[in-house]
Amino acid sequence: MSEIEAMLSDDELAEIRLRLRQATPGPWTSFIENPATFVGSSFIRTAATDIHLTGATAEDQEFNSHARTDIERLIDEVERLRRMS
C-alpha cells in the first residue's frame, strides 16, 4: 500500500467522527474486579449504562474504556494538523 493510499480521507475521518458522536458520551471509566474476591464482574461505566465485555482481558477493557476519549482527541489532532497544512 502506498503512502497516499494509506492516508485517511476526509470522508473516512467524517465517518469516524459520526460514529463517535453516536456513541454514549464520555468519559467512560473502567472498573476491574479482583477475581479472587468474586464480588462482581468487571465493567465500563458510561453516562448511560454499564458495558460488560465478555472474554476481554483487563488490558482489553482498559483500551475500550479509553477509546471514547482517545479517538476524539486523535480526530481533533488530525483536523488541527490538516488546518496547518
# chains A, B, ... in the order shown; residues from 1 in each chain; ligands from 1
$ residues_around --residues "A:Leu53" --least-positions-apart "2" --cutoff "8 Å" --atoms "only C-alpha atoms" --output "list of chain:residue names"
A:Ser42, A:Phe43, A:Ile51, A:Gly55, A:Ala56, A:Gln61
$ write_last_selection --atoms "C-alpha atoms" --output "PDB file, in the first residue's frame"
ATOM      1  CA  SER A  42     -15.658  -6.040  35.520  1.00  0.00           C
ATOM      2  CA  PHE A  43     -17.405  -3.330  33.516  1.00  0.00           C
ATOM      3  CA  ILE A  51     -20.806  -2.027  29.344  1.00  0.00           C
ATOM      4  CA  GLY A  55     -13.913 -12.627  27.325  1.00  0.00           C
ATOM      5  CA  ALA A  56     -11.938  -9.382  27.496  1.00  0.00           C
ATOM      6  CA  GLN A  61     -11.201  -3.398  28.879  1.00  0.00           C
TER       7      GLN A  61
END
$ select_by_dssp --residues "chain A" --states "alpha helix (DSSP H)" --output "count of residues only"
44
$ closest_residue --among "A:Asp50, A:Thr57, A:Pro25, A:Met7" --to "A:Thr69" --atoms "only C-alpha atoms"
A:Pro25
$ closest_residue --among "A:Ile75, A:Met84, A:Ala58, A:Ile44" --to "A:Asp10" --atoms "only C-alpha atoms"
A:Ile75
$ residues_around --residues "stretch 77-83 of chain A" --least-positions-apart "5" --cutoff "12 Å" --atoms "only C-alpha atoms" --output "PDB file with all heavy atoms, in the first residue's frame"
ATOM      1  N   MET A   7      -3.339   7.126   3.457  1.00  0.00           N
ATOM      2  CA  MET A   7      -3.844   8.352   4.085  1.00  0.00           C
ATOM      3  C   MET A   7      -5.335   8.230   4.370  1.00  0.00           C
ATOM      4  O   MET A   7      -6.087   7.641   3.596  1.00  0.00           O
ATOM      5  CB  MET A   7      -3.592   9.556   3.181  1.00  0.00           C
ATOM      6  CG  MET A   7      -2.142   9.957   3.101  1.00  0.00           C
ATOM      7  SD  MET A   7      -1.842  11.347   1.980  1.00  0.00           S
ATOM      8  CE  MET A   7      -2.979  12.570   2.585  1.00  0.00           C
ATOM      9  N   LEU A   8      -5.735   8.784   5.462  1.00  0.00           N
ATOM     10  CA  LEU A   8      -7.135   8.804   5.866  1.00  0.00           C
ATOM     11  C   LEU A   8      -7.846   9.918   5.090  1.00  0.00           C
ATOM     12  O   LEU A   8      -7.451  11.076   5.168  1.00  0.00           O
ATOM     13  CB  LEU A   8      -7.210   9.064   7.372  1.00  0.00           C
ATOM     14  CG  LEU A   8      -8.525   8.924   8.080  1.00  0.00           C
ATOM     15  CD1 LEU A   8      -9.011   7.487   8.019  1.00  0.00           C
ATOM     16  CD2 LEU A   8      -8.375   9.355   9.519  1.00  0.00           C
ATOM     17  N   SER A   9      -8.875   9.543   4.338  1.00  0.00           N
ATOM     18  CA  SER A   9      -9.594  10.547   3.555  1.00  0.00           C
ATOM     19  C   SER A   9     -10.480  11.393   4.472  1.00  0.00           C
ATOM     20  O   SER A   9     -10.794  11.002   5.597  1.00  0.00           O
ATOM     21  CB  SER A   9     -10.455   9.877   2.485  1.00  0.00           C
ATOM     22  OG  SER A   9     -11.573   9.250   3.075  1.00  0.00           O
ATOM     23  N   ASP A  10     -10.893  12.544   3.966  1.00  0.00           N
ATOM     24  CA  ASP A  10     -11.814  13.400   4.714  1.00  0.00           C
ATOM     25  C   ASP A  10     -13.119  12.668   4.994  1.00  0.00           C
ATOM     26  O   ASP A  10     -13.693  12.807   6.078  1.00  0.00           O
ATOM     27  CB  ASP A  10     -12.091  14.698   3.946  1.00  0.00           C
ATOM     28  CG  ASP A  10     -10.880  15.619   3.910  1.00  0.00           C
ATOM     29  OD1 ASP A  10      -9.969  15.464   4.750  1.00  0.00           O
ATOM     30  OD2 ASP A  10     -10.854  16.507   3.034  1.00  0.00           O
ATOM     31  N   LEU A  13     -12.555  10.175   7.820  1.00  0.00           N
ATOM     32  CA  LEU A  13     -12.469  10.908   9.080  1.00  0.00           C
ATOM     33  C   LEU A  13     -13.855  11.353   9.542  1.00  0.00           C
ATOM     34  O   LEU A  13     -14.195  11.245  10.729  1.00  0.00           O
ATOM     35  CB  LEU A  13     -11.532  12.105   8.925  1.00  0.00           C
ATOM     36  CG  LEU A  13     -11.102  12.803  10.202  1.00  0.00           C
ATOM     37  CD1 LEU A  13     -10.354  11.855  11.129  1.00  0.00           C
ATOM     38  CD2 LEU A  13     -10.237  14.009   9.875  1.00  0.00           C
ATOM     39  N   ALA A  14     -14.681  11.797   8.610  1.00  0.00           N
ATOM     40  CA  ALA A  14     -16.052  12.211   8.945  1.00  0.00           C
ATOM     41  C   ALA A  14     -16.876  11.029   9.432  1.00  0.00           C
ATOM     42  O   ALA A  14     -17.687  11.167  10.357  1.00  0.00           O
ATOM     43  CB  ALA A  14     -16.716  12.858   7.730  1.00  0.00           C
ATOM     44  N   ILE A  16     -15.724   8.368  11.005  1.00  0.00           N
ATOM     45  CA  ILE A  16     -15.250   8.072  12.363  1.00  0.00           C
ATOM     46  C   ILE A  16     -15.844   9.076  13.340  1.00  0.00           C
ATOM     47  O   ILE A  16     -16.320   8.716  14.421  1.00  0.00           O
ATOM     48  CB  ILE A  16     -13.711   8.076  12.422  1.00  0.00           C
ATOM     49  CG1 ILE A  16     -13.146   6.933  11.572  1.00  0.00           C
ATOM     50  CG2 ILE A  16     -13.225   7.975  13.871  1.00  0.00           C
ATOM     51  CD1 ILE A  16     -11.649   7.029  11.346  1.00  0.00           C
ATOM     52  N   ARG A  17     -15.839  10.354  12.974  1.00  0.00           N
ATOM     53  CA  ARG A  17     -16.407  11.403  13.831  1.00  0.00           C
ATOM     54  C   ARG A  17     -17.895  11.140  14.072  1.00  0.00           C
ATOM     55  O   ARG A  17     -18.383  11.305  15.190  1.00  0.00           O
ATOM     56  CB  ARG A  17     -16.191  12.775  13.180  1.00  0.00           C
ATOM     57  CG  ARG A  17     -16.823  13.946  13.888  1.00  0.00           C
ATOM     58  CD  ARG A  17     -16.167  14.353  15.158  1.00  0.00           C
ATOM     59  NE  ARG A  17     -14.973  15.136  14.927  1.00  0.00           N
ATOM     60  CZ  ARG A  17     -14.216  15.580  15.914  1.00  0.00           C
ATOM     61  NH1 ARG A  17     -14.555  15.356  17.171  1.00  0.00           N
ATOM     62  NH2 ARG A  17     -13.135  16.259  15.670  1.00  0.00           N
ATOM     63  N   ASP A  70      -9.946   8.873  23.709  1.00  0.00           N
ATOM     64  CA  ASP A  70      -8.721   8.841  22.907  1.00  0.00           C
ATOM     65  C   ASP A  70      -9.014   9.121  21.436  1.00  0.00           C
ATOM     66  O   ASP A  70      -8.301   9.904  20.794  1.00  0.00           O
ATOM     67  CB  ASP A  70      -8.016   7.491  23.026  1.00  0.00           C
ATOM     68  CG  ASP A  70      -7.394   7.248  24.390  1.00  0.00           C
ATOM     69  OD1 ASP A  70      -7.317   8.188  25.204  1.00  0.00           O
ATOM     70  OD2 ASP A  70      -6.984   6.089  24.636  1.00  0.00           O
ATOM     71  N   ILE A  71     -10.046   8.499  20.896  1.00  0.00           N
ATOM     72  CA  ILE A  71     -10.386   8.691  19.484  1.00  0.00           C
ATOM     73  C   ILE A  71     -10.789  10.138  19.233  1.00  0.00           C
ATOM     74  O   ILE A  71     -10.389  10.730  18.228  1.00  0.00           O
ATOM     75  CB  ILE A  71     -11.473   7.702  19.037  1.00  0.00           C
ATOM     76  CG1 ILE A  71     -10.887   6.286  18.996  1.00  0.00           C
ATOM     77  CG2 ILE A  71     -12.057   8.094  17.679  1.00  0.00           C
ATOM     78  CD1 ILE A  71     -11.896   5.182  18.754  1.00  0.00           C
ATOM     79  N   GLU A  72     -11.537  10.719  20.132  1.00  0.00           N
ATOM     80  CA  GLU A  72     -11.931  12.121  19.969  1.00  0.00           C
ATOM     81  C   GLU A  72     -10.693  13.021  19.917  1.00  0.00           C
ATOM     82  O   GLU A  72     -10.589  13.909  19.061  1.00  0.00           O
ATOM     83  CB  GLU A  72     -12.855  12.545  21.104  1.00  0.00           C
ATOM     84  CG  GLU A  72     -13.376  13.951  20.950  1.00  0.00           C
ATOM     85  CD  GLU A  72     -14.481  14.271  21.936  1.00  0.00           C
ATOM     86  OE1 GLU A  72     -14.613  13.583  22.971  1.00  0.00           O
ATOM     87  OE2 GLU A  72     -15.225  15.223  21.658  1.00  0.00           O
TER      88      GLU A  72
END
$ select_by_dssp --residues "chain A" --states "strand (DSSP E or B)" --output "list of chain:residue names"
A:Thr29, A:Ser30, A:Phe31, A:Phe43, A:Ile44, A:Arg45, A:Asp50, A:Ile51
$ write_last_selection --atoms "N, CA and C atoms" --output "mmCIF file, in the first residue's frame"
data_model
loop_
_atom_site.group_PDB
_atom_site.id
_atom_site.type_symbol
_atom_site.label_atom_id
_atom_site.label_comp_id
_atom_site.auth_asym_id
_atom_site.auth_seq_id
_atom_site.Cartn_x
_atom_site.Cartn_y
_atom_site.Cartn_z
ATOM 1 N N THR A 29 -15.397 4.979 32.282
ATOM 2 C CA THR A 29 -14.496 4.569 33.358
ATOM 3 C C THR A 29 -14.508 3.058 33.496
ATOM 4 N N SER A 30 -13.321 2.477 33.532
ATOM 5 C CA SER A 30 -13.169 1.029 33.656
ATOM 6 C C SER A 30 -13.102 0.627 35.124
ATOM 7 N N PHE A 31 -13.858 -0.382 35.477
ATOM 8 C CA PHE A 31 -13.815 -0.969 36.817
ATOM 9 C C PHE A 31 -13.455 -2.442 36.668
ATOM 10 N N PHE A 43 -16.526 -4.042 34.439
ATOM 11 C CA PHE A 43 -17.405 -3.330 33.516
ATOM 12 C C PHE A 43 -16.833 -1.958 33.213
ATOM 13 N N ILE A 44 -17.408 -1.329 32.189
ATOM 14 C CA ILE A 44 -17.074 0.045 31.829
ATOM 15 C C ILE A 44 -18.303 0.885 32.117
ATOM 16 N N ARG A 45 -18.144 1.884 32.961
ATOM 17 C CA ARG A 45 -19.262 2.776 33.301
ATOM 18 C C ARG A 45 -19.286 3.929 32.311
ATOM 19 N N ASP A 50 -23.834 0.631 31.989
ATOM 20 C CA ASP A 50 -22.567 -0.084 32.093
ATOM 21 C C ASP A 50 -22.391 -0.995 30.886
ATOM 22 N N ILE A 51 -21.146 -1.129 30.445
ATOM 23 C CA ILE A 51 -20.806 -2.027 29.344
ATOM 24 C C ILE A 51 -20.038 -3.198 29.942
#
$ closest_residue --among "A:Leu74, A:Ala23, A:Ile32, A:Leu18" --to "A:Glu59" --atoms "only C-alpha atoms"
A:Ile32
